[in-house]
$ cat entry_10.txt   # compact mmCIF, C-alpha atoms and all ligand atoms
# COMPACT_ATOMS: atom_id res chain seq x y z
CA MET A 1 123.94 -26.62 164.40
CA LYS A 2 126.96 -28.66 163.30
CA LYS A 3 128.72 -26.85 160.48
CA SER A 4 129.40 -28.63 157.20
CA ILE A 5 132.57 -29.21 155.21
CA ALA A 6 133.24 -27.21 152.04
CA ILE A 7 135.18 -28.79 149.21
CA VAL A 8 136.35 -26.53 146.44
CA GLY A 9 136.89 -28.42 143.19
CA ALA A 10 135.08 -31.55 142.02
CA GLY A 11 138.06 -33.37 140.52
CA PHE A 12 139.56 -36.52 141.99
CA SER A 13 140.88 -34.83 145.17
CA GLY A 14 137.54 -33.25 146.01
CA ALA A 15 135.51 -36.33 145.09
CA VAL A 16 137.59 -38.73 147.18
CA ILE A 17 137.57 -36.48 150.24
CA ALA A 18 133.82 -35.78 149.89
CA ASN A 19 133.11 -39.48 149.59
CA GLN A 20 135.16 -40.44 152.63
CA LEU A 21 133.88 -37.65 154.88
CA ALA A 22 130.24 -38.24 153.90
CA HIS A 23 130.66 -41.91 154.78
CA ALA A 24 131.99 -40.76 158.16
CA GLY A 25 128.76 -38.80 158.73
CA TYR A 26 129.71 -35.28 157.62
CA THR A 27 127.57 -32.97 155.52
CA VAL A 28 129.65 -31.91 152.53
CA GLU A 29 129.10 -29.01 150.13
CA VAL A 30 131.14 -29.22 146.92
CA PHE A 31 131.76 -26.10 144.80
CA GLU A 32 132.91 -26.44 141.22
CA THR A 33 133.37 -23.55 138.79
CA ARG A 34 132.97 -25.72 135.71
CA PRO A 35 129.62 -27.21 134.61
CA HIS A 36 130.85 -30.78 135.18
CA VAL A 37 132.70 -32.88 137.75
CA ALA A 38 136.01 -34.76 137.27
CA GLY A 39 138.23 -31.73 136.58
CA ASN A 40 140.67 -32.26 133.74
CA CYS A 41 139.85 -35.98 133.71
CA HIS A 42 136.34 -35.15 132.46
CA SER A 43 135.13 -37.46 129.72
CA GLU A 44 131.96 -37.38 127.66
CA ARG A 45 130.62 -39.05 124.54
CA ASP A 46 131.26 -37.12 121.36
CA ALA A 47 127.78 -36.45 119.89
CA GLU A 48 128.94 -36.99 116.30
CA THR A 49 130.95 -40.20 116.59
CA GLY A 50 129.76 -41.69 119.89
CA VAL A 51 133.41 -42.04 120.96
CA MET A 52 134.24 -41.52 124.65
CA LEU A 53 136.19 -38.29 124.55
CA HIS A 54 138.90 -37.31 127.04
CA VAL A 55 137.77 -33.71 126.88
CA TYR A 56 140.91 -32.19 128.46
CA GLY A 57 143.35 -34.59 126.89
CA PRO A 58 144.28 -38.22 127.49
CA HIS A 59 144.12 -39.75 130.96
CA ILE A 60 145.27 -43.32 131.44
CA PHE A 61 144.89 -44.82 134.87
CA HIS A 62 148.00 -46.68 136.02
CA THR A 63 149.22 -47.44 139.50
CA ASP A 64 151.19 -49.67 141.85
CA ASN A 65 149.16 -48.43 144.76
CA GLU A 66 146.82 -51.16 145.99
CA ARG A 67 144.65 -48.79 147.98
CA ALA A 68 144.08 -46.35 145.11
CA TRP A 69 143.35 -49.23 142.70
CA GLU A 70 140.93 -50.94 145.07
CA PHE A 71 139.24 -47.59 145.73
CA VAL A 72 138.59 -46.59 142.11
CA ASN A 73 137.31 -50.09 141.32
CA ARG A 74 134.48 -49.56 143.79
CA PHE A 75 133.01 -46.92 141.48
CA SER A 76 133.57 -48.33 138.03
CA GLU A 77 134.53 -51.43 136.17
CA PHE A 78 137.99 -50.93 134.64
CA LYS A 79 138.74 -52.48 131.27
CA PRO A 80 142.32 -53.51 130.56
CA TYR A 81 144.14 -50.84 128.56
CA VAL A 82 147.87 -50.71 127.87
CA ASN A 83 149.30 -47.44 126.62
CA ARG A 84 151.72 -48.01 123.73
CA VAL A 85 152.98 -44.73 122.35
CA LYS A 86 154.37 -44.26 118.86
CA ALA A 87 156.78 -41.43 118.14
CA ILE A 88 157.59 -39.78 114.83
CA THR A 89 160.97 -38.16 114.41
CA ASN A 90 163.01 -37.45 111.26
CA ASP A 91 160.23 -39.01 109.12
CA ARG A 92 160.35 -42.35 110.87
CA VAL A 93 158.06 -44.07 113.34
CA TYR A 94 159.41 -45.59 116.55
CA THR A 95 157.98 -47.00 119.76
CA LEU A 96 158.23 -45.25 123.10
CA PRO A 97 159.32 -45.42 125.85
CA ILE A 98 162.82 -46.08 124.54
CA ASN A 99 163.11 -49.87 124.39
CA LEU A 100 165.14 -52.46 122.53
CA LEU A 101 163.13 -52.01 119.33
CA THR A 102 163.58 -48.23 119.46
CA ILE A 103 167.33 -48.61 119.94
CA ASN A 104 167.74 -51.25 117.24
CA GLN A 105 165.61 -49.38 114.69
CA PHE A 106 167.16 -46.02 115.46
CA PHE A 107 170.75 -47.22 115.15
CA GLY A 108 170.10 -49.96 112.53
CA LYS A 109 171.30 -52.68 114.90
CA THR A 110 170.17 -56.15 116.00
CA PHE A 111 171.33 -55.88 119.62
CA ARG A 112 170.25 -58.25 122.33
CA PRO A 113 169.49 -56.69 125.74
CA ALA A 114 173.02 -56.79 127.20
CA GLU A 115 174.53 -55.44 123.98
CA ALA A 116 172.07 -52.57 123.84
CA GLN A 117 172.75 -51.77 127.46
CA ALA A 118 176.49 -51.69 126.87
CA PHE A 119 175.99 -49.58 123.74
CA LEU A 120 173.88 -46.95 125.57
CA ALA A 121 176.32 -46.94 128.47
CA GLU A 122 179.01 -46.03 125.93
CA LEU A 123 176.83 -43.26 124.44
CA GLY A 124 175.90 -41.81 127.84
CA ASP A 125 177.95 -38.90 129.12
CA LYS A 126 179.70 -40.38 132.14
CA THR A 127 181.12 -37.02 133.17
CA ILE A 128 177.62 -36.12 134.40
CA GLU A 129 177.65 -37.77 137.80
CA ASN A 130 174.54 -36.39 139.41
CA PRO A 131 172.10 -35.20 136.73
CA LEU A 132 169.82 -32.47 138.04
CA THR A 133 168.40 -31.16 134.78
CA PHE A 134 166.26 -32.90 132.17
CA GLU A 135 169.06 -32.48 129.63
CA ASP A 136 171.75 -33.93 131.87
CA GLN A 137 169.53 -36.86 132.77
CA ALA A 138 169.02 -37.60 129.05
CA LEU A 139 172.67 -37.11 128.08
CA ARG A 140 173.80 -39.30 130.96
CA PHE A 141 171.47 -42.23 130.32
CA VAL A 142 170.62 -42.27 126.58
CA GLY A 143 173.23 -40.03 124.95
CA ARG A 144 172.94 -37.08 122.60
CA GLU A 145 171.43 -38.73 119.51
CA LEU A 146 168.41 -40.28 121.22
CA TYR A 147 168.01 -37.15 123.34
CA GLU A 148 167.87 -34.90 120.31
CA ALA A 149 165.60 -37.22 118.33
CA PHE A 150 162.98 -37.95 120.98
CA PHE A 151 163.22 -35.53 123.88
CA LYS A 152 164.79 -32.19 123.13
CA THR A 153 162.33 -30.69 120.66
CA TYR A 154 159.25 -32.36 122.14
CA THR A 155 160.18 -30.94 125.52
CA ILE A 156 160.72 -27.44 124.14
CA LYS A 157 157.28 -27.66 122.49
CA GLN A 158 155.71 -29.02 125.68
CA TRP A 159 157.34 -26.75 128.25
CA GLY A 160 158.43 -23.68 126.25
CA LEU A 161 161.81 -24.00 127.97
CA SER A 162 165.15 -25.54 127.26
CA PRO A 163 165.55 -29.00 128.83
CA SER A 164 168.68 -27.57 130.48
CA GLU A 165 166.32 -25.46 132.65
CA LEU A 166 163.89 -28.25 133.54
CA PRO A 167 164.29 -30.71 136.39
CA ALA A 168 165.47 -34.30 135.77
CA SER A 169 162.27 -35.51 137.48
CA ILE A 170 160.24 -34.81 134.31
CA LEU A 171 162.32 -37.22 132.24
CA LYS A 172 162.42 -39.76 135.06
CA ARG A 173 158.71 -40.31 134.39
CA LEU A 174 159.73 -42.32 131.33
CA PRO A 175 161.49 -45.69 131.63
CA VAL A 176 164.30 -46.90 129.33
CA ARG A 177 164.02 -50.63 128.65
CA PHE A 178 166.44 -53.16 127.25
CA ASN A 179 163.74 -55.57 126.10
CA TYR A 180 160.82 -55.32 123.66
CA ASP A 181 158.28 -54.22 126.26
CA ASP A 182 156.73 -51.03 124.88
CA ASN A 183 154.15 -50.54 127.62
CA TYR A 184 154.49 -46.81 128.38
CA PHE A 185 154.03 -47.41 132.11
CA ASN A 186 155.82 -49.69 134.56
CA HIS A 187 152.88 -50.08 136.92
CA LYS A 188 151.14 -53.27 138.02
CA TYR A 189 147.62 -51.99 137.27
CA GLN A 190 146.55 -50.11 134.17
CA GLY A 191 143.08 -49.60 132.78
CA MET A 192 140.22 -47.38 131.70
CA PRO A 193 136.90 -46.86 133.48
CA VAL A 194 134.35 -48.48 131.21
CA ASP A 195 131.93 -45.51 131.20
CA GLY A 196 134.56 -42.80 131.44
CA TYR A 197 136.04 -40.82 134.32
CA THR A 198 133.10 -38.47 134.79
CA THR A 199 130.67 -41.32 135.51
CA LEU A 200 133.20 -42.73 137.99
CA VAL A 201 133.59 -39.39 139.79
CA GLU A 202 129.81 -38.83 139.83
CA LYS A 203 129.48 -42.17 141.66
CA MET A 204 131.97 -40.99 144.28
CA PHE A 205 129.62 -38.08 145.00
CA GLU A 206 126.56 -40.35 145.31
CA VAL A 207 126.61 -40.56 149.10
CA PRO A 208 123.88 -39.07 151.31
CA GLY A 209 125.14 -35.81 152.78
CA ILE A 210 127.00 -34.59 149.67
CA SER A 211 125.63 -31.67 147.61
CA VAL A 212 127.53 -30.72 144.47
CA HIS A 213 127.13 -27.16 143.19
CA LEU A 214 128.29 -26.94 139.58
CA SER A 215 129.17 -23.66 137.85
CA THR A 216 129.54 -22.18 141.34
CA PRO A 217 132.76 -20.46 142.40
CA PHE A 218 133.65 -20.43 146.09
CA ASP A 219 134.57 -17.17 147.77
CA PRO A 220 137.42 -17.69 150.27
CA ALA A 221 135.74 -15.03 152.42
CA SER A 222 132.93 -17.50 153.19
CA LYS A 223 135.22 -20.07 154.74
CA ALA A 224 134.03 -19.10 158.22
CA ASP A 225 130.63 -20.62 157.36
CA TYR A 226 132.24 -24.05 157.32
CA GLU A 227 133.93 -26.30 159.84
CA HIS A 228 136.74 -26.92 157.38
CA VAL A 229 137.55 -26.19 153.74
CA PHE A 230 139.41 -28.56 151.42
CA TYR A 231 140.69 -26.45 148.57
CA ALA A 232 141.70 -28.15 145.32
CA GLY A 233 141.88 -24.96 143.25
CA PRO A 234 145.14 -23.15 142.41
CA ILE A 235 146.87 -22.16 145.62
CA ASP A 236 147.73 -18.68 144.29
CA ALA A 237 144.07 -17.99 143.40
CA TRP A 238 143.02 -18.63 147.04
CA PHE A 239 145.24 -15.69 148.01
CA ARG A 240 144.12 -13.59 145.03
CA HIS A 241 147.60 -13.87 143.51
CA THR A 242 149.12 -11.53 146.10
CA GLU A 243 152.54 -13.11 145.50
CA GLY A 244 152.13 -13.15 141.71
CA ARG A 245 150.88 -15.89 139.41
CA LEU A 246 152.47 -19.32 139.65
CA PRO A 247 153.37 -20.41 136.12
CA TYR A 248 151.54 -23.22 134.37
CA ARG A 249 151.38 -24.69 130.89
CA THR A 250 147.97 -24.92 129.30
CA LEU A 251 146.88 -26.99 126.30
CA ASP A 252 144.93 -26.17 123.15
CA PHE A 253 143.29 -28.99 121.24
CA GLU A 254 142.58 -28.82 117.54
CA VAL A 255 139.68 -31.22 117.12
CA PHE A 256 139.10 -33.12 113.88
CA ARG A 257 137.10 -36.15 112.84
CA ASP A 258 137.33 -38.86 110.23
CA GLN A 259 135.95 -42.31 109.43
CA GLY A 260 137.49 -45.64 110.43
CA ASP A 261 140.98 -45.67 111.92
CA TYR A 262 142.91 -42.42 111.49
CA GLN A 263 146.33 -43.26 112.95
CA GLY A 264 146.08 -46.87 114.19
CA ASN A 265 146.97 -45.99 117.78
CA ALA A 266 145.72 -43.86 120.67
CA VAL A 267 148.82 -41.65 120.99
CA VAL A 268 151.36 -40.60 118.38
CA ASN A 269 154.03 -38.14 119.53
CA TYR A 270 155.64 -35.69 117.14
CA CYS A 271 159.13 -35.33 118.50
CA ASP A 272 160.72 -33.01 115.95
CA ASN A 273 159.94 -29.58 114.53
CA ALA A 274 158.14 -30.86 111.42
CA GLU A 275 154.86 -30.26 113.31
CA PRO A 276 154.12 -27.56 115.89
CA TYR A 277 152.00 -29.87 118.06
CA THR A 278 153.34 -32.40 120.56
CA ARG A 279 150.98 -35.30 119.87
CA ILE A 280 147.83 -36.50 118.17
CA THR A 281 145.45 -38.54 120.27
CA GLU A 282 142.75 -40.69 118.64
CA HIS A 283 140.22 -41.18 121.37
CA LYS A 284 138.41 -44.33 120.17
CA HIS A 285 141.61 -46.28 120.85
CA PHE A 286 141.39 -45.44 124.55
CA SER A 287 138.23 -47.62 124.60
CA PRO A 288 139.33 -50.59 122.46
CA TRP A 289 136.35 -52.67 123.60
CA GLU A 290 133.95 -50.27 121.80
CA GLN A 291 133.11 -50.12 118.07
CA HIS A 292 132.54 -46.82 116.24
CA GLU A 293 132.47 -45.96 112.54
CA GLY A 294 133.61 -42.40 113.08
CA THR A 295 136.73 -41.26 114.88
CA ILE A 296 137.73 -38.09 116.70
CA MET A 297 141.26 -36.76 117.20
CA TYR A 298 143.02 -34.00 119.08
CA LYS A 299 146.14 -32.24 117.90
CA GLU A 300 147.70 -31.09 121.17
CA TYR A 301 149.48 -27.75 121.46
CA SER A 302 151.08 -26.52 124.65
CA ARG A 303 151.59 -22.89 125.65
CA GLN A 304 152.02 -20.59 128.64
CA CYS A 305 148.85 -20.46 130.75
CA GLU A 306 147.31 -16.97 130.83
CA GLU A 307 144.77 -15.56 133.24
CA ASN A 308 141.62 -17.10 131.74
CA ASP A 309 143.14 -20.39 130.59
CA ILE A 310 142.77 -23.76 132.24
CA PRO A 311 145.98 -24.64 134.13
CA TYR A 312 147.43 -28.06 133.27
CA TYR A 313 151.07 -28.58 134.12
CA PRO A 314 152.72 -26.68 137.00
CA ILE A 315 156.16 -25.44 135.93
CA ARG A 316 158.21 -26.00 139.04
CA LEU A 317 161.51 -24.39 138.23
CA ALA A 318 164.09 -24.08 140.97
CA ARG A 319 164.28 -20.34 140.26
CA ASP A 320 160.55 -19.91 141.05
CA LYS A 321 160.79 -21.79 144.34
CA ALA A 322 160.82 -18.64 146.49
CA GLN A 323 157.41 -17.61 145.13
CA LEU A 324 155.93 -21.02 145.87
CA GLU A 325 157.49 -20.91 149.34
CA ARG A 326 155.75 -17.61 150.05
CA TYR A 327 152.38 -19.12 149.14
CA VAL A 328 153.06 -22.23 151.18
CA ASN A 329 154.02 -20.14 154.20
CA ILE A 330 150.90 -17.99 154.10
CA ALA A 331 148.82 -21.11 153.47
CA ARG A 332 150.25 -22.69 156.62
CA ASP A 333 148.85 -19.75 158.59
CA GLU A 334 145.31 -20.20 157.22
CA ALA A 335 142.99 -21.66 159.82
CA ASN A 336 140.65 -24.50 158.82
CA VAL A 337 141.80 -24.83 155.21
CA THR A 338 143.68 -27.77 153.69
CA PHE A 339 145.21 -27.41 150.23
CA VAL A 340 145.03 -30.57 148.14
CA GLY A 341 145.72 -32.00 144.71
CA ARG A 342 147.64 -30.85 141.66
CA LEU A 343 146.52 -27.21 141.84
CA GLY A 344 146.30 -26.86 145.61
CA THR A 345 149.85 -28.11 146.11
CA TYR A 346 151.26 -27.06 142.71
CA ARG A 347 152.72 -30.43 141.74
CA TYR A 348 152.76 -32.59 138.57
CA LEU A 349 150.54 -35.40 139.88
CA ASP A 350 149.23 -38.52 138.24
CA MET A 351 145.66 -39.55 139.02
CA ASP A 352 146.59 -42.44 141.28
CA VAL A 353 148.86 -40.28 143.44
CA THR A 354 146.11 -37.65 143.68
CA ILE A 355 143.63 -40.29 144.81
CA HIS A 356 145.99 -41.85 147.31
CA GLU A 357 146.87 -38.48 148.80
CA ALA A 358 143.17 -37.56 149.02
CA LEU A 359 142.44 -40.80 150.89
CA ASN A 360 145.27 -39.97 153.30
CA THR A 361 143.93 -36.43 153.67
CA ALA A 362 140.48 -37.70 154.65
CA ASP A 363 142.08 -40.16 157.12
CA LYS A 364 144.11 -37.35 158.64
CA PHE A 365 141.06 -35.11 159.01
CA LEU A 366 139.08 -37.85 160.76
CA ALA A 367 142.03 -38.63 163.04
CA CYS A 368 142.45 -34.92 163.92
CA ALA A 369 138.72 -34.62 164.60
CA SER A 370 138.81 -37.58 166.95
CA ASP A 371 142.02 -36.44 168.73
CA LYS A 372 140.86 -32.79 168.72
CA THR A 373 144.13 -31.71 167.08
CA LYS A 374 144.54 -29.15 164.32
CA MET A 375 144.14 -30.34 160.74
CA PRO A 376 147.25 -29.11 158.86
CA ALA A 377 147.15 -26.90 155.75
CA PHE A 378 149.06 -29.60 153.85
CA VAL A 379 149.06 -33.34 154.30
CA VAL A 380 151.91 -33.63 151.78
CA ASP A 381 154.68 -31.01 151.83
CA PRO A 382 154.39 -29.12 148.50
CA LEU A 383 158.04 -28.10 148.79
CA GLY A 384 159.27 -31.64 149.40
N1 LIG A 401 158.76 -36.39 126.53
C1 LIG A 401 159.54 -36.18 125.38
N2 LIG A 401 159.21 -36.86 124.25
C2 LIG A 401 158.16 -37.69 124.17
C3 LIG A 401 157.36 -37.90 125.33
C4 LIG A 401 157.70 -37.22 126.48
O1 LIG A 401 160.48 -35.42 125.41
O2 LIG A 401 157.90 -38.25 123.09
C5 LIG A 401 159.13 -35.64 127.74
C6 LIG A 401 158.39 -34.30 127.82
O3 LIG A 401 159.24 -33.34 128.42
C7 LIG A 401 157.24 -34.65 128.74
C8 LIG A 401 157.87 -35.63 129.70
O4 LIG A 401 158.78 -36.37 128.89
O5 LIG A 401 156.74 -33.49 129.40
C9 LIG A 401 156.92 -36.53 130.42
O6 LIG A 401 156.18 -37.25 129.47
P1 LIG A 401 154.75 -37.88 129.81
O7 LIG A 401 154.36 -38.74 128.67
O8 LIG A 401 154.79 -38.47 131.16
O9 LIG A 401 153.84 -36.56 129.82
P2 LIG A 401 152.25 -36.36 129.99
O10 LIG A 401 151.55 -37.49 129.30
O11 LIG A 401 152.00 -36.27 131.49
O12 LIG A 401 152.04 -35.03 129.30

$ encode --input "entry_10.txt" --output "structure tokens"
Amino acid sequence: MKKSIAIVGAGFSGAVIANQLAHAGYTVEVFETRPHVAGNCHSERDAETGVMLHVYGPHIFHTDNERAWEFVNRFSEFKPYVNRVKAITNDRVYTLPINLLTINQFFGKTFRPAEAQAFLAELGDKTIENPLTFEDQALRFVGRELYEAFFKTYTIKQWGLSPSELPASILKRLPVRFNYDDNYFNHKYQGMPVDGYTTLVEKMFEVPGISVHLSTPFDPASKADYEHVFYAGPIDAWFRHTEGRLPYRTLDFEVFRDQGDYQGNAVVNYCDNAEPYTRITEHKHFSPWEQHEGTIMYKEYSRQCEENDIPYYPIRLARDKAQLERYVNIARDEANVTFVGRLGTYRYLDMDVTIHEALNTADKFLACASDKTKMPAFVVDPLG
């Protein structure tokens, strides 16, 4: 009898691969430890307020990738949503990402774009030629005052580390703009699935040949029962942490409710030490086309991920690279297993990148099956 494919993890990586392989005629068994699909993107209606809740924190879909955008739109209508973040620092409210209004309000100026650009160029530390750390990237491009007001303390709260230890890539996620555009993202497409992410992911699994087993861990020892395993769990857990635990940040959410409009915006960041949390998210504003009397908020706290916590952000410090390399090397020797997604490849991935990589992974598997070549352990190099 033809053996089936096992997929471990029912988040975006697992759902996309399951969908594509089932359409190609494979039988697919999906194993998910949690009682729901969609991983950390899981959304459900709050019973008290009726608001669509981003259960594991806010997820805003944004992409430049045509294929990923076209793909997700097959499973859900997307409503336009533009993320506009407000930031509180030193008892004042500003807009993020840093834009002309932020600069003018912060410095009490009335600069036009070219003036603001020249002003920040003056403030930037030009002795830093090739910024490698978060701190150097900030000091080089926005200067010390903006860095300390918006990034330094927030980043210490978020990562538990000094920005001088973190890579510049984390700050490069945020644009700096010399106009009044306060859209948090630069991408061509941005939106929210009208019935939430979980409904969208459930639709991806609705293909004959896919069985989803919720609340069901997968034992790596049973991989021989399958033709191939796609593993979207934490790479170190597959190997029972033989090389030690890869570090992650986890999040705690303090949930509270109110009536009406609590903060007037979906996301408000708290960039200084006046509050111990990083941000407050008011979930009704992620679905601006809906009307609800009540409102539900999360105060978001970040801390080191311990053994029984849910991993969120991989902490990829240069000094921990050797440990990751050891896992990647033993993973490359595993037969018939491909490691995918944020946890399987230990990278800080946005949803669209995860989806695009999963589509490529399914393509690669089908190409290898037709050429009778070996499917690699990684379709994207986790060390790259
Ligand atoms: N960041 C910051 N201040 C802010 C927002 C972000 O210092 O007000 C830094 C912080 O280090 C964060 C990184 O920029 O981890 C990336 O921010 P992003 O909003 O992309 O984080 P996410 O929404 O993925 O947690």

$ closest_residue --input "entry_10.txt" --among "A:Gln190, A:Ser215, A:Thr295, A:Thr198" --to "Glu44 (chain A)" --atoms "only C-alpha atoms"
A:Thr198

$ axis_aligned_box --input "entry_10.txt" --around "region 318-337 of chain A" --padding-each-side "5 Å" --output "AutoDock Vina command-line options"
--center_x 152.5 --center_y -21.2 --center_z 150.0 --size_x 33.6 --size_y 17.2 --size_z 29.6

$ closest_residue --input "entry_10.txt" --among "A:Gly260, A:Pro376, A:Gly209, A:Pro175" --to "ligand LIG 401 (chain A)" --atoms "all atoms listed in the file"
A:Pro175

$ atom_distance --input "entry_10.txt" --atom1 "CA of Tyr312 (chain A)" --atom2 "CA of Thr250 (chain A)"
5.1 Å

$ atom_distance --input "entry_10.txt" --atom1 "CA of His23 (chain A)" --atom2 "CA of Glu202 (chain A)"
15.3 Å

$ closest_residue --input "entry_10.txt" --among "A:Tyr231, A:Tyr313, A:Tyr189, A:Phe78" --to "ligand LIG 401 (chain A)" --atoms "all atoms listed in the file"
A:Tyr313

$ residues_around --input "entry_10.txt" --residues "region 362-368 of chain A" --least-positions-apart "6" --cutoff "12 Å" --atoms "all atoms listed in the file" --output "count of residues only"
33

$ closest_residue --input "entry_10.txt" --among "A:Val93, A:Phe111, A:Pro382, A:Phe134" --to "Leu161 (chain A)" --atoms "all atoms listed in the file"
A:Phe134

$ closest_residue --input "entry_10.txt" --among "A:Ser169, A:Thr33, A:Thr27, A:Ser211" --to "ligand LIG 401 (chain A)" --atoms "all atoms listed in the file"
A:Ser169

$ atom_distance --input "entry_10.txt" --atom1 "CA of Glu243 (chain A)" --atom2 "atom O9 of ligand LIG 401 (chain A)"
28.2 Å

$ closest_residue --input "entry_10.txt" --among "A:Ile296, A:Leu100, A:Ile170, A:Ala68" --to "ligand LIG 401 (chain A)" --atoms "all atoms listed in the file"
A:Ile170

$ residues_around --input "entry_10.txt" --residues "region 300-302 of chain A" --least-positions-apart "2" --cutoff "10 Å" --atoms "all atoms listed in the file" --output "VMD selection string"
chain A and resid 57 156 to 160 249 to 255 269 276 to 281 297 to 298 304 to 305 312 to 313

$ residues_around --input "entry_10.txt" --residues "Gly384 (chain A)" --least-positions-apart "5" --cutoff "12 Å" --atoms "all atoms listed in the file" --output "VMD selection string"
chain A and resid 316 321 324 to 325 328 345 to 347 378 to 379

$ residues_near_point --input "entry_10.txt" --point "(165.4, -21.5, 135.0)" --cutoff "10 Å" --atoms "all atoms listed in the file" --output "list in words"
Leu161, Ser162, Pro163, Ser164, Glu165, Leu166, Pro167, Arg316, Leu317, Ala318, Arg319 and Asp320 of chain A

$ residues_around --input "entry_10.txt" --residues "Tyr226 (chain A)" --least-positions-apart "5" --cutoff "8 Å" --atoms "only C-alpha atoms" --output "PyMOL selection string"
chain A and resi 3-6

$ decode --input "entry_10.txt" --residues "region 99-127 of chain A" --atoms "C-alpha atoms" --output "CSV table (one decimal), in the first residue's frame"
chain,number,residue,atom,x,y,z
A,99,ASN,CA,7.9,59.3,9.7
A,100,LEU,CA,7.8,63.1,9.1
A,101,LEU,CA,5.1,63.6,11.7
A,102,THR,CA,7.1,61.7,14.3
A,103,ILE,CA,10.2,63.7,13.5
A,104,ASN,CA,8.4,67.0,13.5
A,105,GLN,CA,6.5,66.4,16.7
A,106,PHE,CA,9.4,64.9,18.5
A,107,PHE,CA,11.8,67.7,17.7
A,108,GLY,CA,9.2,70.5,17.6
A,109,LYS,CA,9.9,71.3,14.0
A,110,THR,CA,8.0,71.9,10.8
A,111,PHE,CA,10.4,70.2,8.4
A,112,ARG,CA,9.6,69.3,4.9
A,113,PRO,CA,10.9,65.9,3.6
A,114,ALA,CA,14.3,67.0,2.4
A,115,GLU,CA,14.9,69.1,5.6
A,116,ALA,CA,14.0,66.2,7.8
A,117,GLN,CA,16.2,63.9,5.8
A,118,ALA,CA,19.2,66.3,6.1
A,119,PHE,CA,18.4,66.7,9.9
A,120,LEU,CA,18.4,63.0,10.6
A,121,ALA,CA,21.6,62.5,8.4
A,122,GLU,CA,23.2,65.1,10.8
A,123,LEU,CA,22.0,63.2,13.9
A,124,GLY,CA,23.1,59.8,12.6
A,125,ASP,CA,26.5,58.5,13.7
A,126,LYS,CA,28.5,58.5,10.5
A,127,THR,CA,31.4,56.7,12.1
